[in-house]
file run_27.csv (CSV, C-alpha atoms and all ligand atoms)
chain,number,residue,atom,x,y,z
L,1,MET,CA,8.3,21.2,7.1
L,2,ASN,CA,4.8,22.2,6.1
L,3,SER,CA,2.1,23.1,8.6
L,4,LYS,CA,0.2,19.8,8.3
L,5,LEU,CA,3.3,17.8,9.2
L,6,LYS,CA,4.1,20.2,12.1
L,7,ALA,CA,0.5,19.8,13.4
L,8,ALA,CA,0.7,16.0,13.0
L,9,ALA,CA,4.1,15.9,14.8
L,10,LYS,CA,2.6,18.1,17.6
L,11,ILE,CA,-0.4,15.8,18.0
L,12,THR,CA,1.8,12.7,18.0
L,13,GLU,CA,4.0,14.2,20.6
L,14,LYS,CA,1.1,15.2,22.8
L,15,LEU,CA,-0.5,11.7,22.5
L,16,SER,CA,2.7,9.8,23.2
L,17,GLN,CA,3.6,11.7,26.4
L,18,PRO,CA,3.3,9.2,29.3
L,19,ASP,CA,1.1,10.0,32.2
L,20,GLU,CA,1.2,7.4,34.9
L,21,LYS,CA,-0.9,9.4,37.3
L,22,SER,CA,-4.2,8.7,35.9
L,23,ASP,CA,-5.7,5.7,34.0
L,24,VAL,CA,-8.7,7.8,33.1
L,25,LYS,CA,-6.4,10.2,31.3
L,26,GLN,CA,-4.7,7.3,29.5
L,27,ASP,CA,-8.1,6.1,28.4
L,28,GLY,CA,-8.9,9.6,27.2
L,29,ILE,CA,-5.6,9.7,25.2
L,30,GLN,CA,-6.4,6.2,23.7
L,31,HIS,CA,-9.9,7.4,22.8
L,32,LYS,CA,-8.4,10.5,21.1
L,33,LYS,CA,-5.9,8.4,19.2
L,34,GLU,CA,-8.7,6.1,17.9
L,35,SER,CA,-10.9,9.0,17.0
L,36,LEU,CA,-8.1,10.8,15.3
L,37,GLY,CA,-7.3,7.6,13.3
L,38,GLU,CA,-10.9,7.2,12.3
L,39,SER,CA,-11.1,10.8,11.2
L,40,LEU,CA,-7.9,10.6,9.1
L,41,LYS,CA,-9.1,7.3,7.6
L,42,LYS,CA,-12.5,8.9,6.7
L,43,LYS,CA,-10.7,11.9,5.0
L,44,TRP,CA,-8.5,9.4,3.1
L,45,LYS,CA,-11.5,7.4,2.0
L,46,ASN,CA,-13.3,10.4,0.7
L,47,LYS,CA,-10.6,11.3,-1.7
L,48,VAL,CA,-11.7,10.3,-5.2
L,49,GLN,CA,-8.4,9.3,-6.6
L,50,HIS,CA,-6.2,8.5,-3.6
L,51,GLY,CA,-9.0,6.8,-1.6
L,52,GLN,CA,-9.6,4.0,-4.0
L,53,TYR,CA,-7.2,1.6,-2.2
L,54,ILE,CA,-8.7,2.1,1.2
L,55,ARG,CA,-12.3,1.8,-0.2
L,56,ASN,CA,-11.4,-1.4,-1.9
L,57,ILE,CA,-9.9,-2.8,1.4
L,58,ASP,CA,-13.2,-2.0,3.2
L,59,ARG,CA,-15.3,-3.5,0.4
L,60,GLN,CA,-13.4,-6.7,0.5
L,61,ARG,CA,-13.5,-6.9,4.3
L,62,ILE,CA,-9.8,-7.4,4.6
L,63,SER,CA,-8.2,-6.7,8.0
L,64,ASP,CA,-6.7,-3.3,8.2
L,65,GLU,CA,-4.2,-4.5,10.8
L,66,ASP,CA,-2.9,-7.4,8.6
L,67,THR,CA,-3.0,-5.2,5.4
L,68,PHE,CA,-0.6,-2.7,6.9
L,69,LEU,CA,1.5,-5.0,9.0
L,70,TRP,CA,4.4,-4.8,6.4
L,71,LEU,CA,4.7,-1.1,7.3
L,72,SER,CA,5.3,-1.7,10.9
L,73,LYS,CA,8.1,-4.2,10.4
L,74,GLY,CA,10.5,-1.7,8.8
L,75,ASP,CA,11.9,-4.3,6.4
L,76,LEU,CA,11.9,-2.1,3.4
L,77,LYS,CA,13.8,1.1,2.6
L,78,ALA,CA,11.8,4.3,3.0
L,79,GLU,CA,12.0,4.9,-0.8
L,80,THR,CA,10.5,1.5,-1.5
L,81,GLU,CA,7.7,2.0,1.0
L,82,SER,CA,6.9,5.4,-0.4
L,83,GLU,CA,6.7,4.0,-4.0
L,84,ILE,CA,4.4,1.1,-2.9
L,85,LEU,CA,2.2,3.6,-1.0
L,86,ALA,CA,2.1,5.9,-4.0
L,87,ALA,CA,1.1,3.0,-6.2
L,88,GLN,CA,-1.6,2.0,-3.8
L,89,ASP,CA,-2.9,5.5,-3.8
L,90,GLN,CA,-2.9,5.7,-7.6
L,91,ALA,CA,-0.4,8.5,-7.4
L,92,LEU,CA,2.3,7.3,-9.8
L,93,GLN,CA,2.4,9.1,-13.0
L,94,THR,CA,0.8,6.8,-15.4
L,95,LYS,CA,-0.5,8.0,-18.8
L,96,TYR,CA,-4.1,7.8,-17.3
L,97,TYR,CA,-3.0,9.9,-14.3
L,98,ALA,CA,-1.2,12.4,-16.6
L,99,THR,CA,-4.2,12.7,-18.9
L,100,LYS,CA,-7.1,12.7,-16.5
L,101,ILE,CA,-5.7,14.2,-13.4
L,102,LEU,CA,-2.8,16.4,-14.4
L,103,ASN,CA,-4.3,17.3,-17.8
L,104,ILE,CA,-0.9,17.2,-19.5
L,105,GLY,CA,-1.5,14.5,-22.1
L,106,ARG,CA,-4.1,13.3,-24.6
L,107,ASP,CA,-3.5,9.6,-24.8
L,108,SER,CA,-4.3,7.5,-21.7
L,109,LYS,CA,-3.8,4.1,-23.3
L,110,CYS,CA,-1.2,1.7,-22.0
L,111,ARG,CA,2.3,2.1,-23.6
L,112,LEU,CA,2.6,-1.7,-24.0
L,113,CYS,CA,-0.8,-2.9,-25.2
L,114,GLN,CA,-2.4,0.3,-26.4
L,115,GLN,CA,-5.8,-1.2,-25.6
L,116,PHE,CA,-6.7,-0.2,-22.0
L,117,ASP,CA,-6.2,2.9,-19.9
L,118,GLU,CA,-2.7,2.9,-18.3
L,119,LYS,CA,-3.7,2.8,-14.6
L,120,ILE,CA,-1.8,1.2,-11.8
L,121,ASP,CA,-4.1,-1.8,-11.5
L,122,HIS,CA,-3.8,-2.4,-15.3
L,123,ILE,CA,0.0,-2.4,-15.0
L,124,MET,CA,0.1,-4.6,-11.9
L,125,SER,CA,-2.2,-7.3,-13.1
L,126,ALA,CA,-4.2,-6.7,-16.3
L,127,CYS,CA,-2.0,-5.9,-19.2
L,128,PRO,CA,-2.1,-8.7,-21.8
L,129,ILE,CA,1.5,-7.9,-22.9
L,130,LEU,CA,2.9,-8.3,-19.3
L,131,ALA,CA,0.7,-11.3,-18.7
L,132,LYS,CA,2.6,-13.4,-21.2
L,133,ASP,CA,5.9,-13.2,-19.4
L,134,GLN,CA,6.3,-10.7,-16.5
L,135,TYR,CA,3.3,-11.8,-14.4
L,136,LEU,CA,4.4,-15.4,-14.7
L,137,LYS,CA,7.9,-14.6,-13.6
L,138,ARG,CA,6.5,-12.6,-10.6
L,139,TYR,CA,4.2,-15.5,-9.7
L,140,ASP,CA,7.1,-18.0,-9.8
L,141,ILE,CA,9.3,-15.8,-7.6
L,142,VAL,CA,6.5,-15.3,-5.0
L,143,CYS,CA,5.7,-19.1,-5.0
L,144,ALA,CA,9.4,-19.9,-4.6
L,145,GLN,CA,9.7,-17.5,-1.6
L,146,ILE,CA,6.5,-19.0,0.0
L,147,HIS,CA,7.9,-22.5,-0.6
L,148,PHE,CA,11.2,-21.5,1.0
L,149,ASN,CA,9.5,-19.9,4.0
L,150,ILE,CA,7.3,-22.9,4.6
L,151,ARG,CA,10.2,-25.4,4.4
L,152,LYS,CA,12.3,-23.1,6.7
L,153,GLU,CA,9.5,-22.9,9.3
L,154,THR,CA,8.7,-26.6,9.2
L,155,GLY,CA,12.4,-27.4,9.5
L,156,VAL,CA,12.6,-29.4,6.3
L,157,GLN,CA,16.1,-29.5,4.9
L,158,LEU,CA,16.7,-27.4,1.8
L,159,ASP,CA,19.2,-28.5,-0.8
L,160,LYS,CA,20.6,-26.4,-3.5
L,161,LYS,CA,18.2,-27.7,-6.1
L,162,THR,CA,15.1,-26.5,-4.1
L,163,LEU,CA,16.6,-23.0,-3.7
L,164,VAL,CA,16.3,-22.2,-7.4
X,201,ZN,ZN,-1.4,-2.8,-21.2
call {"tool": "encode", "arguments": {"input": "run_27.csv", "output": "structure tokens", "more": "lines below"}}
Ligand SMILES: [Zn+2]
result
Amino acid sequence: MNSKLKAAAKITEKLSQPDEKSDVKQDGIQHKKESLGESLKKKWKNKVQHGQYIRNIDRQRISDEDTFLWLSKGDLKAETESEILAAQDQALQTKYYATKILNIGRDSKCRLCQQFDEKIDHIMSACPILAKDQYLKRYDIVCAQIHFNIRKETGVQLDKKTLV
């Protein structure tokens, strides 16, 4: 375990120790947690490459709590969560990342369309080749899941035909 993880574990352990003797002390711990959280968020935000996601969230005035709710549920496997977080932080090895950050390539253009830089955002939602088919399939799957959840929550019967 590297020293940063050890330090983080130590801080977490200190902050999570219950102290029922004094409410003032609990308030102090809560204040320290909030200030530590703000400090870490500020460091994350100031990172040129990896801070893009959090800067975009702040710019769009999206709730931090709702944005990261999926992380607190524990529905996904750790590997899946880490892949999603790496994608959000622009840390997957795209051709753009390899060329501009790692300096191990010359061509940063998308492998599929060869028109635009191969960045995470391009792959996720802007590639004209993927737009023809893959984005539509993803859209249909998400809509079907939303439809299923709404019908389930409202108690509307589902038949086999609607489950497609
Ligand atoms: Zn492309």
call {"tool": "closest_residue", "arguments": {"input": "run_27.csv", "among": "L:Asp133, L:Glu118, L:Glu38, L:Asp140", "to": "ligand ZN 201 (chain X)", "atoms": "all atoms listed in the file"}}
result
L:Glu118
call {"tool": "atom_distance", "arguments": {"input": "run_27.csv", "atom1": "atom CA of Ile84 of chain L", "atom2": "atom CA of Phe148 of chain L"}}
result
23.9 Å
call {"tool": "closest_atom_pairs", "arguments": {"input": "run_27.csv", "of": "chain L", "to": "ligand ZN 201 (chain X)", "cutoff": "7 Å", "atoms": "only C-alpha atoms and all ligand atoms", "output": "Markdown table"}}
result
| residue | atom | partner | partner_atom | distance |
| --- | --- | --- | --- | --- |
| L:Cys110 | CA | X:ZN201 | ZN | 4.6 |
| L:Arg111 | CA | X:ZN201 | ZN | 6.6 |
| L:Leu112 | CA | X:ZN201 | ZN | 5.0 |
| L:Cys113 | CA | X:ZN201 | ZN | 4.0 |
| L:Gln114 | CA | X:ZN201 | ZN | 6.1 |
| L:Gln115 | CA | X:ZN201 | ZN | 6.4 |
| L:Phe116 | CA | X:ZN201 | ZN | 6.0 |
| L:Glu118 | CA | X:ZN201 | ZN | 6.5 |
| L:His122 | CA | X:ZN201 | ZN | 6.4 |
| L:Ile123 | CA | X:ZN201 | ZN | 6.4 |
| L:Ala126 | CA | X:ZN201 | ZN | 6.9 |
| L:Cys127 | CA | X:ZN201 | ZN | 3.7 |
| L:Pro128 | CA | X:ZN201 | ZN | 6.0 |
| L:Ile129 | CA | X:ZN201 | ZN | 6.1 |
call {"tool": "atom_distance", "arguments": {"input": "run_27.csv", "atom1": "atom CA of Ala144 of chain L", "atom2": "atom CA of Leu130 of chain L"}}
result
19.8 Å
call {"tool": "atom_distance", "arguments": {"input": "run_27.csv", "atom1": "atom CA of Asp75 of chain L", "atom2": "atom CA of Arg61 of chain L"}}
result
25.6 Å
call {"tool": "closest_residue", "arguments": {"input": "run_27.csv", "among": "L:Ser108, L:Asn103, L:Thr154, L:Gln90", "to": "His50 of chain L", "atoms": "all atoms listed in the file"}}
result
L:Gln90
call {"tool": "residues_around", "arguments": {"input": "run_27.csv", "residues": "Phe68 of chain L", "least_positions_apart": "5", "cutoff": "12 Å", "atoms": "all atoms listed in the file", "output": "list in words"}}
result
Ile54, Ile57, Ile62, Ser63, Lys73, Gly74, Glu81, Ile84, Leu85 and Gln88 of chain L
call {"tool": "residues_around", "arguments": {"input": "run_27.csv", "residues": "Gln52 of chain L", "least_positions_apart": "2", "cutoff": "12 Å", "atoms": "all atoms listed in the file", "output": "PyMOL selection string"}}
result
chain L and resi 44-50+54-59+86-91+120-121
